[in-house]
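Here's query12.txt, which has compact mmCIF, C-alpha atoms:
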```txt
# COMPACT_ATOMS: atom_id res chain seq x y z
CA MET A 1 -22.62 -30.05 11.01
CA SER A 2 -20.24 -27.84 8.97
CA ALA A 3 -20.14 -24.11 9.64
CA ASP A 4 -21.76 -21.62 7.29
CA PRO A 5 -19.10 -20.54 4.69
CA LEU A 6 -20.06 -16.88 5.12
CA THR A 7 -19.48 -17.07 8.87
CA VAL A 8 -16.18 -18.86 8.29
CA ALA A 9 -15.10 -16.29 5.69
CA ALA A 10 -16.06 -13.42 7.99
CA ARG A 11 -13.97 -14.94 10.76
CA TYR A 12 -10.96 -15.37 8.46
CA VAL A 13 -11.25 -11.73 7.34
CA GLU A 14 -11.47 -10.69 10.98
CA ILE A 15 -8.27 -12.52 12.00
CA GLY A 16 -6.30 -11.37 8.96
CA ARG A 17 -6.28 -14.57 6.88
CA PRO A 18 -7.73 -13.23 3.60
CA GLU A 19 -6.54 -16.14 1.44
CA LEU A 20 -8.53 -18.59 3.61
CA ALA A 21 -11.53 -16.25 3.48
CA LEU A 22 -11.41 -16.36 -0.33
CA GLN A 23 -11.19 -20.17 -0.21
CA ALA A 24 -14.29 -20.29 2.00
CA LEU A 25 -16.16 -17.91 -0.30
CA ALA A 26 -15.20 -20.01 -3.35
CA GLY A 27 -17.40 -22.79 -1.92
CA LEU A 28 -20.58 -20.68 -2.12
CA ASP A 29 -23.21 -21.36 -4.79
CA GLY A 30 -24.00 -18.77 -7.47
CA ASP A 31 -26.80 -16.83 -5.77
CA THR A 32 -25.16 -16.70 -2.35
CA ALA A 33 -21.78 -15.78 -3.89
CA ALA A 34 -23.44 -12.78 -5.60
CA HIS A 35 -25.12 -11.59 -2.40
CA PRO A 36 -23.90 -8.11 -1.30
CA TYR A 37 -22.60 -9.48 2.03
CA ALA A 38 -20.57 -12.20 0.29
CA LEU A 39 -19.19 -9.58 -2.09
CA LEU A 40 -18.35 -7.35 0.88
CA LEU A 41 -16.34 -10.14 2.51
CA ARG A 42 -14.65 -10.94 -0.80
CA GLY A 43 -13.77 -7.28 -1.31
CA ARG A 44 -12.39 -6.93 2.22
CA ALA A 45 -10.22 -10.03 1.75
CA LEU A 46 -8.97 -8.73 -1.61
CA CYS A 47 -8.19 -5.32 -0.07
CA GLU A 48 -6.20 -7.05 2.64
CA MET A 49 -4.19 -8.77 -0.10
CA GLU A 50 -3.74 -5.38 -1.85
CA ARG A 51 -5.64 -6.65 -4.92
CA PHE A 52 -7.41 -3.32 -5.13
CA ASP A 53 -8.74 -3.62 -8.71
CA ASP A 54 -10.56 -6.87 -7.84
CA ALA A 55 -11.73 -5.44 -4.51
CA ALA A 56 -13.22 -2.37 -6.22
CA GLN A 57 -14.99 -4.65 -8.71
CA ALA A 58 -16.43 -6.76 -5.87
CA ALA A 59 -17.70 -3.59 -4.15
CA ARG A 60 -19.27 -2.32 -7.37
CA ASP A 61 -20.93 -5.69 -7.99
CA GLY A 62 -22.39 -5.56 -4.49
CA LEU A 63 -23.53 -1.96 -4.90
CA ALA A 64 -25.43 -2.93 -8.06
CA ASP A 65 -27.86 -4.77 -5.75
CA ALA A 66 -27.52 -2.55 -2.67
CA PRO A 67 -26.67 0.98 -3.88
CA ALA A 68 -26.87 2.62 -0.45
CA ASP A 69 -24.96 -0.06 1.48
CA ILE A 70 -22.58 1.93 3.68
CA ALA A 71 -20.15 -0.95 4.25
CA LEU A 72 -19.82 -1.53 0.49
CA LEU A 73 -19.36 2.20 -0.18
CA TYR A 74 -16.66 2.29 2.50
CA LEU A 75 -14.98 -0.75 0.93
CA LEU A 76 -15.17 0.87 -2.52
CA SER A 77 -13.53 4.01 -1.13
CA VAL A 78 -10.68 2.02 0.42
CA ALA A 79 -10.19 -0.01 -2.77
CA GLU A 80 -10.22 3.06 -5.03
CA GLU A 81 -7.76 4.78 -2.71
CA GLY A 82 -5.52 1.74 -3.01
CA ARG A 83 -5.79 1.96 -6.81
CA GLY A 84 -4.72 5.59 -6.64
CA ASP A 85 -8.06 6.95 -7.91
CA LEU A 86 -8.71 9.54 -5.20
CA ALA A 87 -11.65 11.12 -7.05
CA ALA A 88 -13.49 7.76 -7.07
CA ALA A 89 -12.44 7.06 -3.45
CA GLU A 90 -13.82 10.44 -2.39
CA ALA A 91 -17.05 10.01 -4.37
CA ALA A 92 -17.67 6.62 -2.71
CA ILE A 93 -17.04 7.80 0.85
CA LEU A 94 -19.11 10.96 0.30
CA ALA A 95 -21.97 8.77 -0.92
CA ALA A 96 -21.68 6.79 2.32
CA LEU A 97 -21.56 10.02 4.35
CA ALA A 98 -24.69 11.20 2.56
CA GLU A 99 -26.38 8.25 4.30
CA GLU A 100 -24.64 8.66 7.70
CA SER A 101 -22.99 12.06 7.95
CA ASP A 102 -21.94 11.66 11.62
CA ASP A 103 -20.34 8.23 11.42
CA ALA A 104 -16.80 8.52 12.83
CA VAL A 105 -15.48 5.53 10.85
CA LEU A 106 -16.71 7.00 7.56
CA LEU A 107 -15.36 10.43 8.48
CA CYS A 108 -11.97 8.90 9.30
CA GLN A 109 -11.83 7.22 5.88
CA TYR A 110 -12.72 10.55 4.25
CA ALA A 111 -9.95 12.24 6.26
CA ARG A 112 -7.55 9.54 5.07
CA VAL A 113 -8.49 10.14 1.41
CA LEU A 114 -8.02 13.89 1.94
CA MET A 115 -4.61 13.33 3.54
CA HIS A 116 -3.64 11.04 0.68
CA GLY A 117 -4.47 13.84 -1.74
CA GLY A 118 -2.62 16.48 0.27
CA ALA A 119 -5.72 18.36 1.56
CA LEU A 120 -4.37 18.35 5.12
CA ASP A 121 -6.33 21.32 6.51
CA LYS A 122 -9.64 19.91 5.34
CA ALA A 123 -8.64 16.49 6.71
CA GLU A 124 -8.11 18.10 10.12
CA ARG A 125 -11.60 19.66 10.02
CA VAL A 126 -13.12 16.29 9.06
CA LEU A 127 -11.29 14.66 11.99
CA ASP A 128 -12.64 17.35 14.32
CA LYS A 129 -16.13 16.44 13.12
CA ALA A 130 -15.38 12.72 13.69
CA ASP A 131 -14.08 13.52 17.18
CA ALA A 132 -17.29 15.39 17.96
CA ALA A 133 -19.34 12.43 16.67
CA GLU A 134 -17.37 9.86 18.69
CA PRO A 135 -15.17 11.44 21.39
CA GLY A 136 -12.07 9.43 22.29
CA SER A 137 -12.25 7.30 19.14
CA VAL A 138 -9.08 5.29 18.49
CA GLY A 139 -9.63 5.70 14.74
CA VAL A 140 -9.65 9.49 15.04
CA LEU A 141 -6.49 9.42 17.15
CA THR A 142 -4.74 7.14 14.65
CA ASN A 143 -5.60 9.51 11.82
CA ARG A 144 -4.43 12.52 13.86
CA VAL A 145 -1.07 10.75 14.17
CA SER A 146 -0.93 10.39 10.39
CA LEU A 147 -1.87 14.03 9.96
CA ALA A 148 0.89 15.21 12.31
CA TYR A 149 3.38 12.91 10.55
CA LEU A 150 2.42 14.27 7.13
CA ARG A 151 2.89 17.81 8.44
CA HIS A 152 6.41 16.88 9.60
CA ASP A 153 5.28 17.49 13.17
CA ASP A 154 6.99 14.38 14.50
CA LYS A 155 6.83 15.46 18.15
CA THR A 156 3.02 15.68 18.05
CA ALA A 157 2.86 12.42 16.10
CA GLU A 158 4.93 10.67 18.78
CA ARG A 159 2.91 12.16 21.64
CA LEU A 160 -0.38 11.10 20.05
CA THR A 161 0.98 7.63 19.30
CA LYS A 162 1.88 7.20 22.96
CA GLU A 163 -1.70 8.23 23.84
CA LEU A 164 -2.84 5.56 21.40
CA LEU A 165 -0.67 2.96 23.13
CA ALA A 166 -2.04 4.01 26.50
CA LEU A 167 -5.51 3.12 25.21
CA ASP A 168 -4.33 -0.20 23.78
CA PRO A 169 -0.76 -1.37 24.56
CA GLU A 170 -1.06 -4.07 21.88
CA ASP A 171 -2.04 -1.70 19.05
CA ALA A 172 0.14 -2.86 16.15
CA GLN A 173 -0.45 0.38 14.24
CA ALA A 174 0.84 2.46 17.16
CA HIS A 175 3.99 0.33 17.48
CA ARG A 176 4.52 0.60 13.73
CA LEU A 177 4.19 4.39 13.83
CA LEU A 178 6.61 4.69 16.74
CA GLY A 179 9.02 2.45 14.84
CA ALA A 180 8.75 4.64 11.73
CA LEU A 181 9.32 7.80 13.78
CA ALA A 182 12.37 6.24 15.47
CA ALA A 183 13.76 5.22 12.06
CA ASN A 184 13.24 8.79 10.79
CA ARG A 185 15.51 10.11 13.52
CA GLY A 186 18.12 7.39 12.96
CA ASP A 187 17.37 5.44 16.16
CA MET A 188 17.43 1.99 14.58
CA ASP A 189 17.51 0.08 17.89
CA THR A 190 14.15 1.54 18.95
CA ALA A 191 12.83 1.24 15.39
CA ALA A 192 13.69 -2.47 15.20
CA GLU A 193 12.16 -3.10 18.64
CA ARG A 194 8.91 -1.23 17.90
CA LEU A 195 8.50 -2.68 14.42
CA GLY A 196 9.24 -6.16 15.80
CA THR A 197 6.47 -5.69 18.38
CA ALA A 198 4.11 -4.52 15.61
CA VAL A 199 4.86 -7.68 13.62
CA ARG A 200 4.27 -9.89 16.66
CA GLU A 201 0.88 -8.20 17.17
CA ASP A 202 -0.01 -8.39 13.48
CA PRO A 203 1.94 -11.25 11.85
CA GLY A 204 0.12 -10.78 8.54
CA ASP A 205 1.61 -7.32 7.96
CA HIS A 206 4.42 -8.25 5.55
CA ARG A 207 5.43 -4.65 4.84
CA THR A 208 6.07 -3.97 8.53
CA ALA A 209 7.98 -7.26 8.73
CA ASP A 210 10.20 -6.02 5.88
CA ALA A 211 10.65 -2.67 7.66
CA ALA A 212 11.57 -4.45 10.90
CA ARG A 213 14.20 -6.52 9.07
CA ALA A 214 15.56 -3.35 7.41
CA ALA A 215 15.74 -1.50 10.75
CA GLY A 216 17.53 -4.48 12.30
CA GLY A 217 19.99 -4.62 9.41
CA MET A 218 20.69 -0.88 9.52
CA ARG A 219 22.05 -1.09 13.05
CA SER A 220 25.45 -2.15 11.71
CA LEU A 221 28.41 0.22 11.17
CA PHE A 222 27.92 0.22 7.39
CA TRP A 223 24.80 2.39 7.79
CA LEU A 224 26.43 4.91 10.13
CA PRO A 225 26.29 7.87 7.67
CA ASN A 226 22.62 7.26 6.91
CA ARG A 227 21.75 7.10 10.61
CA PHE A 228 23.76 10.28 11.13
CA PHE A 229 21.87 12.14 8.37
CA ALA A 230 18.55 10.83 9.69
CA ARG A 231 19.46 11.82 13.26
CA TYR A 232 20.63 15.37 12.57
CA GLY A 233 18.76 16.12 9.33
CA ALA A 234 20.26 16.40 5.86
CA ILE A 235 20.06 20.20 5.63
CA GLN A 236 21.51 20.78 9.10
CA THR A 237 24.37 18.34 8.45
CA TRP A 238 25.27 19.96 5.15
CA ILE A 239 25.12 23.47 6.62
CA GLY A 240 27.33 22.31 9.51
CA ALA A 241 29.84 20.73 7.15
CA VAL A 242 30.06 23.76 4.87
CA VAL A 243 30.43 26.12 7.85
CA VAL A 244 33.21 24.00 9.40
CA LEU A 245 35.07 23.66 6.09
CA SER A 246 34.76 27.41 5.40
CA LEU A 247 36.00 28.29 8.91
CA LEU A 248 39.02 26.01 8.54
CA ARG A 249 39.88 27.63 5.22
CA THR A 250 39.37 31.24 6.32
CA THR A 251 41.37 30.74 9.53
CA GLY A 252 44.34 29.50 7.51
CA MET A 253 44.33 25.87 8.67
CA ALA A 254 44.92 24.62 5.16
CA GLY A 255 46.11 21.11 6.10
CA LEU A 256 43.21 20.47 8.41
CA ALA A 257 40.80 21.94 5.85
CA VAL A 258 42.04 19.51 3.17
CA ALA A 259 41.80 16.56 5.58
CA ALA A 260 38.29 17.59 6.66
CA THR A 261 37.19 18.03 3.04
CA ILE A 262 38.48 14.57 2.12
CA ALA A 263 36.77 13.06 5.19
CA TRP A 264 33.51 14.79 4.30
CA VAL A 265 33.63 13.62 0.68
CA VAL A 266 34.35 10.04 1.81
CA PHE A 267 31.45 10.27 4.31
CA CYS A 268 29.12 11.51 1.57
CA ILE A 269 30.15 8.84 -0.93
CA TRP A 270 29.82 6.19 1.79
CA SER A 271 26.27 7.30 2.61
CA TRP A 272 25.42 7.46 -1.09
CA VAL A 273 26.63 3.90 -1.65
CA ALA A 274 24.77 2.74 1.48
CA ALA A 275 21.56 4.40 0.22
CA ALA A 276 21.99 2.61 -3.13
CA VAL A 277 22.45 -0.72 -1.30
CA ALA A 278 19.31 0.01 0.77
CA SER A 279 17.38 0.77 -2.40
CA ARG A 280 18.62 -2.46 -4.03
CA ARG A 281 17.45 -4.45 -1.01
CA GLY A 282 14.02 -2.78 -1.19
CA TRP A 283 14.50 -0.90 2.11
CA MET B 1 -25.60 3.93 -8.28
CA PRO B 2 -25.64 7.36 -6.58
CA LEU B 3 -21.98 8.01 -5.82
CA ARG B 4 -22.30 11.75 -5.31
CA PRO B 5 -24.23 13.35 -2.47
CA ASP B 6 -26.73 16.07 -3.27
CA ALA B 7 -24.66 19.27 -3.33
CA ASP B 8 -27.51 21.24 -1.78
CA THR B 9 -27.81 19.03 1.30
CA ALA B 10 -24.14 18.22 1.95
CA ASP B 11 -22.35 20.74 4.19
CA ASP B 12 -19.20 22.45 2.97
CA LEU B 13 -16.96 19.91 4.64
CA LEU B 14 -18.55 17.12 2.66
CA ARG B 15 -18.18 18.69 -0.76
CA PRO B 16 -15.78 16.91 -3.15
CA SER B 17 -12.20 18.18 -3.24
CA PHE B 18 -10.76 15.82 -5.84
CA ALA B 19 -13.63 15.53 -8.34
CA ASP B 20 -11.41 16.62 -11.25
CA ARG B 21 -8.30 14.74 -10.19
CA ALA B 22 -7.12 12.07 -12.61
CA PRO B 23 -6.17 8.68 -11.16
CA ALA B 24 -2.49 8.35 -10.23
CA ARG B 25 -0.75 6.33 -12.91
CA ALA B 26 1.58 3.50 -12.01
CA THR B 27 4.55 4.82 -14.01
CA GLY B 28 7.07 2.56 -12.31
CA THR B 29 9.32 5.56 -11.70
CA ARG B 30 9.99 5.81 -7.99
CA PRO B 31 11.26 9.06 -6.49
CA TRP B 32 14.75 9.59 -5.07
CA ARG B 33 15.55 10.32 -1.43
CA LEU B 34 15.55 14.07 -0.85
CA SER B 35 18.72 14.05 1.27
CA SER B 36 20.63 12.28 -1.52
CA GLN B 37 20.03 15.28 -3.76
CA ALA B 38 22.41 17.29 -1.57
CA TYR B 39 25.36 15.33 -2.99
CA VAL B 40 24.34 16.31 -6.48
CA ALA B 41 24.23 19.96 -5.38
CA PHE B 42 27.65 19.69 -3.73
CA PHE B 43 29.45 17.80 -6.48
CA GLY B 44 27.45 18.76 -9.58
CA GLY B 45 26.23 22.28 -8.87
CA LEU B 46 23.03 24.15 -9.58
CA LEU B 47 22.04 22.83 -13.00
CA ALA B 48 22.51 19.23 -11.90
CA VAL B 49 20.54 19.53 -8.67
CA THR B 50 17.78 21.58 -10.32
CA THR B 51 17.33 18.90 -12.98
CA ILE B 52 17.29 16.07 -10.43
CA ALA B 53 14.91 17.96 -8.10
CA PHE B 54 12.59 18.86 -10.98
CA VAL B 55 12.39 15.25 -12.23
CA ASN B 56 11.86 14.02 -8.66
CA ALA B 57 9.14 16.60 -7.99
CA ARG B 58 7.30 15.38 -11.07
CA ARG B 59 7.58 11.79 -9.82
CA LEU B 60 6.12 12.91 -6.51
CA GLY B 61 3.23 14.54 -8.37
CA LEU B 62 3.88 18.14 -7.37
CA ALA B 63 1.63 20.80 -8.90
CA ALA B 64 2.80 23.33 -11.50
CA GLY B 65 3.42 26.06 -8.90
CA PRO B 66 6.06 24.21 -6.83
CA LEU B 67 7.61 22.86 -10.05
CA ALA B 68 8.02 26.44 -11.29
CA LEU B 69 9.51 27.46 -7.93
CA ILE B 70 12.12 24.70 -8.22
CA LEU B 71 13.13 26.01 -11.63
CA LEU B 72 13.15 29.56 -10.24
CA ALA B 73 15.41 28.50 -7.36
CA GLY B 74 17.76 26.81 -9.84
CA PHE B 75 18.02 29.53 -12.47
CA GLY B 76 17.81 32.33 -9.91
CA GLY B 77 20.69 30.67 -8.07
CA LEU B 78 22.66 30.45 -11.33
CA ALA B 79 22.18 34.18 -11.96
CA LEU B 80 23.24 34.89 -8.36
CA GLU B 81 26.30 32.67 -8.80
CA VAL B 82 27.40 34.59 -11.91
CA ALA B 83 26.76 37.92 -10.17
CA VAL B 84 28.75 36.96 -7.05
CA LEU B 85 31.63 35.36 -8.96
CA SER B 86 31.94 38.42 -11.22
CA THR B 87 32.81 40.47 -8.11
CA MET B 88 35.58 38.04 -7.11
CA ALA B 89 38.16 38.70 -9.81
CA GLU B 90 41.07 38.30 -7.38
CA ALA B 91 39.81 35.11 -5.75
CA GLY B 92 41.44 31.70 -6.22
CA GLY B 93 39.81 28.59 -7.70
CA ALA B 94 39.09 27.02 -4.30
CA GLN B 95 37.21 30.12 -3.11
CA LEU B 96 35.19 30.30 -6.32
CA ARG B 97 34.25 26.62 -6.03
CA MET B 98 33.25 27.12 -2.38
CA VAL B 99 30.95 30.04 -3.29
CA ALA B 100 29.37 28.02 -6.11
CA ARG B 101 28.79 25.09 -3.73
CA VAL B 102 27.26 27.25 -1.02
CA ILE B 103 24.82 28.78 -3.53
CA ALA B 104 23.96 25.33 -4.95
CA LEU B 105 23.36 23.93 -1.46
CA ALA B 106 21.22 26.94 -0.51
CA ALA B 107 19.11 26.42 -3.64
CA TRP B 108 18.81 22.70 -2.82
CA GLY B 109 17.54 23.69 0.66
CA GLY B 110 14.66 25.52 -0.99
CA MET B 111 14.01 22.63 -3.35
CA TYR B 112 14.05 20.23 -0.37
CA PHE B 113 11.30 22.19 1.40
CA LEU B 114 9.22 22.32 -1.78
CA GLN B 115 9.35 18.51 -2.10
CA ARG B 116 9.26 17.34 1.50
CA VAL B 117 5.48 17.25 2.14
CA ALA B 118 4.84 15.29 -1.07
CA ASP B 119 7.81 13.04 -0.26
CA ARG B 120 6.37 12.19 3.14
CA ARG B 121 2.96 11.57 1.62
CA TYR B 122 4.57 9.15 -0.84
CA HIS B 123 6.34 7.43 2.03
CA HIS B 124 3.21 7.21 4.17
CA PHE B 125 0.76 6.04 1.52
CA ARG B 126 3.09 3.93 -0.62
CA SER B 127 1.56 0.77 -1.99
CA GLY B 128 3.14 -2.66 -2.30
CA GLU B 129 4.38 -1.93 -5.80
CA ASP B 130 6.20 1.31 -5.03
CA ASP B 131 7.57 0.61 -1.60
CA ALA B 132 11.11 1.84 -2.10
CA TYR B 133 13.07 4.79 -3.38
CA ALA B 134 15.05 4.67 -6.59
CA GLY B 135 18.84 4.81 -6.37
CA LEU B 136 20.36 8.18 -7.24
CA LEU B 137 23.93 6.91 -7.66
CA VAL B 138 24.01 6.59 -11.47
CA PRO B 139 21.64 9.45 -12.43
CA GLY B 140 23.28 11.64 -9.79
CA LEU B 141 26.76 10.94 -11.12
CA LEU B 142 25.68 11.51 -14.72
CA ALA B 143 23.97 14.79 -13.80
CA SER B 144 26.91 15.90 -11.66
CA ILE B 145 29.46 15.27 -14.40
CA GLY B 146 27.43 16.23 -17.47
CA LEU B 147 25.49 19.21 -16.16
CA GLY B 148 28.39 20.25 -13.92
CA LEU B 149 30.48 20.72 -17.07
CA VAL B 150 27.65 22.59 -18.80
CA GLU B 151 27.33 24.90 -15.78
CA LEU B 152 31.11 25.50 -15.73
CA LEU B 153 30.94 26.42 -19.42
CA LEU B 154 27.96 28.73 -18.91
CA VAL B 155 29.45 30.50 -15.90
CA THR B 156 32.90 31.01 -17.46
CA THR B 157 31.28 32.32 -20.66
CA ALA B 158 29.09 34.71 -18.66
CA LEU B 159 32.09 35.91 -16.63
CA ASP B 160 34.13 36.45 -19.82
CA LEU B 161 31.29 38.54 -21.29
CA ALA B 162 30.86 40.56 -18.07
```
Render the structure in this file as structure tokens.
Amino acid sequence: MSADPLTVAARYVEIGRPELALQALAGLDGDTAAHPYALLLRGRALCEMERFDDAAQAARDGLADAPADIALLYLLSVAEEGRGDLAAAEAAILAALAEESDDAVLLCQYARVLMHGGALDKAERVLDKADAAEPGSVGVLTNRVSLAYLRHDDKTAERLTKELLALDPEDAQAHRLLGALAANRGDMDTAAERLGTAVREDPGDHRTADAARAAGGMRSLFWLPNRFFARYGAIQTWIGAVVVLSLLRTTGMAGLAVAATIAWVVFCIWSWVAAAVASRRGW
Amino acid sequence: MPLRPDADTADDLLRPSFADRAPARATGTRPWRLSSQAYVAFFGGLLAVTTIAFVNARRLGLAAGPLALILLAGFGGLALEVAVLSTMAEAGGAQLRMVARVIALAAWGGMYFLQRVADRRYHHFRSGEDDAYAGLLVPGLLASIGLGLVELLLVTTALDLA
């Protein structure tokens, strides 16, 4: 007896094999294929493949038959966010919240849309509400990490990510975040290790796989200036350089000042060329 | 399909914030790295870095207020540069260049802070199509040389008139 295609498709979506889920769904007959649940699975698979236009269409088709379906409204919000239409993403998730205003998953998606649009304070209040609805939720914690990261509060982001890992040591998202934070401070060894772990936990995440390869590649000497700028911060490095060069000039060490200026210019051009190479490689 | 909750029953937190926001267009123009703009400030000066920062801020989708502040930092810095250099009649070329660079870098610092939240948002929420920064090498060099010369002309003219 062959398994029900919907069950098979749901399983493929669950394990991160969206292309196989779509294959399974393609075998459904007309009526079953147009059922809201089939359209939900199709939309989730399409979202996973970043085909957001098609995913949004699948969600809308499903909502035509089930206008208050929370899962479809959630899917529509995610798809519209992926398309860059934040107004539509917000409208969809608010419609879902009108049905279930204390659902932590829905509140987290709304917080994500708000963060995407730059409304960080409101996103924090929405996450507080989600936390009250479901204390200790991993989803809330993950979004708090994003919020701290977007506020340039990397220390809080790292602390919260470690809390996330304490809850689930195999959380790919947490490893990815720690990898991104390490890369931001120029620690490419840690970045490559964390991102590599994230890829092992979630092999379907091609973007993280690319980031892991980039972090591994940037450990070589060629990327030294870029790691230096990332480690000490661009503004701080420039201020330091200008202060040192000015001091050398004003204290009469003309020869040393010329040598330091030439070294600084070479360092800058080197990092500029390295950044252009990184951009060309899609890093 | 009811995609908007009843405004009377939804609490304040669940009122729309982006109802009037147009969808982000896929323009294909990726932003530049913020730290790379420092080179343009150092080698090209104020006009060059203001132009690059302004274009980048638009790519990042900054609102009119921060865009105006970037222009203010640039042209305010230029006025400050002329004012400071006009008091340094006895100074040599190296000192004048150093002062101009310090002012350009200070202005870039302000522009950096105006762009950095939007830059991180771009980095965090990037999609598969816009997953990298654009290279600043060619536009940065063009701005540094072209607008650097324009700035030199403007500043020397202003100093001659002063």
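Distances from A:Ala21, A:Val105, A:Ala215, A:Leu97 to chain B were compared using only C-alpha atoms, and the smallest one belongs to A:Leu97.
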Write out as an mmCIF file with C-alpha atoms, in the coordinates of the input which residues come within 8 Å of region 10-12 of chain A when counting all atoms listed in the file, dropping same-chain ones fewer than 6 positions away.
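File written: around12.cif
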```
data_model
loop_
_atom_site.group_PDB
_atom_site.id
_atom_site.type_symbol
_atom_site.label_atom_id
_atom_site.label_comp_id
_atom_site.auth_asym_id
_atom_site.auth_seq_id
_atom_site.Cartn_x
_atom_site.Cartn_y
_atom_site.Cartn_z
ATOM 1 C CA PRO A 18 -7.730 -13.230 3.600
ATOM 2 C CA LEU A 20 -8.530 -18.590 3.610
ATOM 3 C CA ALA A 21 -11.530 -16.250 3.480
ATOM 4 C CA LEU A 41 -16.340 -10.140 2.510
#
```
Box for region 238-253 of chain A: with edges along x, y and z, all listed atoms inside and 5 Å added on each side, what are the centre and edge lengths in Å to one decimal, as lines of an AutoDock Vina configuration file?
```
center_x = 34.7
center_y = 25.6
center_z = 7.2
size_x = 29.2
size_y = 21.3
size_z = 14.7
```
Distance-based interface of chain A with chain B, 7 Å, counting only C-alpha atoms, as a count of residues only: 23
Find the residues around Phe222 (chain A) up to 12 Å (only C-alpha atoms counted), leave out those fewer than 6 positions away in its own chain, and share them as a PDB file with C-alpha atoms, in the coordinates of the input.
```pdb
ATOM      1  CA  PHE A 228      23.760  10.280  11.130  1.00  0.00           C
ATOM      2  CA  PHE A 267      31.450  10.270   4.310  1.00  0.00           C
ATOM      3  CA  TRP A 270      29.820   6.190   1.790  1.00  0.00           C
ATOM      4  CA  SER A 271      26.270   7.300   2.610  1.00  0.00           C
ATOM      5  CA  TRP A 272      25.420   7.460  -1.090  1.00  0.00           C
ATOM      6  CA  VAL A 273      26.630   3.900  -1.650  1.00  0.00           C
ATOM      7  CA  ALA A 274      24.770   2.740   1.480  1.00  0.00           C
ATOM      8  CA  ALA A 275      21.560   4.400   0.220  1.00  0.00           C
ATOM      9  CA  VAL A 277      22.450  -0.720  -1.300  1.00  0.00           C
ATOM     10  CA  ALA A 278      19.310   0.010   0.770  1.00  0.00           C
TER      11      ALA A 278
END
```
Distance query Thr156 (chain A) at most 12 Å, all atoms listed in the file, self and fewer than 4 positions along chain excluded, as number ranges by chain: A: 141, 144-152, 160-163, 178, 181
Residue list as a PyMOL selection string for point (34.1, 29.6, -10.2), cut-off 10 Å, all atoms listed in the file: chain B and resi 81-82+84-86+88-89+91-101+151-152+155-156+159
Shell of 9 Å around Ala107 (chain B), all atoms listed in the file, local chain residues under 5 positions omitted, as a list of chain:residue names: B:Ala41, B:Leu46, B:Val49, B:Thr50, B:Ile70, B:Ala73, B:Gly74, B:Gly76, B:Gly77, B:Val102, B:Tyr112
12 Å contact set for Leu256 (chain A), only C-alpha atoms, chain neighbours under 6 positions out, as number ranges by chain: A: 244-250, 262-264
Atom pair CA of Asp202 (chain A) / CA of Ala172 (chain A): separation (Å): 6.1 Å
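We find CA of Tyr232 (chain A) and CA of Asn184 (chain A) to be spaced 10.1 Å apart.
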Pairwise distance for CA of Glu124 (chain A) and CA of Ala111 (chain A), rounded to one decimal in Å: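 Atom-to-atom, CA of Glu124 (chain A) and CA of Ala111 (chain A) are spaced 7.3 Å apart.
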Neighbour residues at most 9 Å from (-24.8, 5.3, 3.2) (all atoms listed in the file) as number ranges by chain: A: 67-74, 93-101
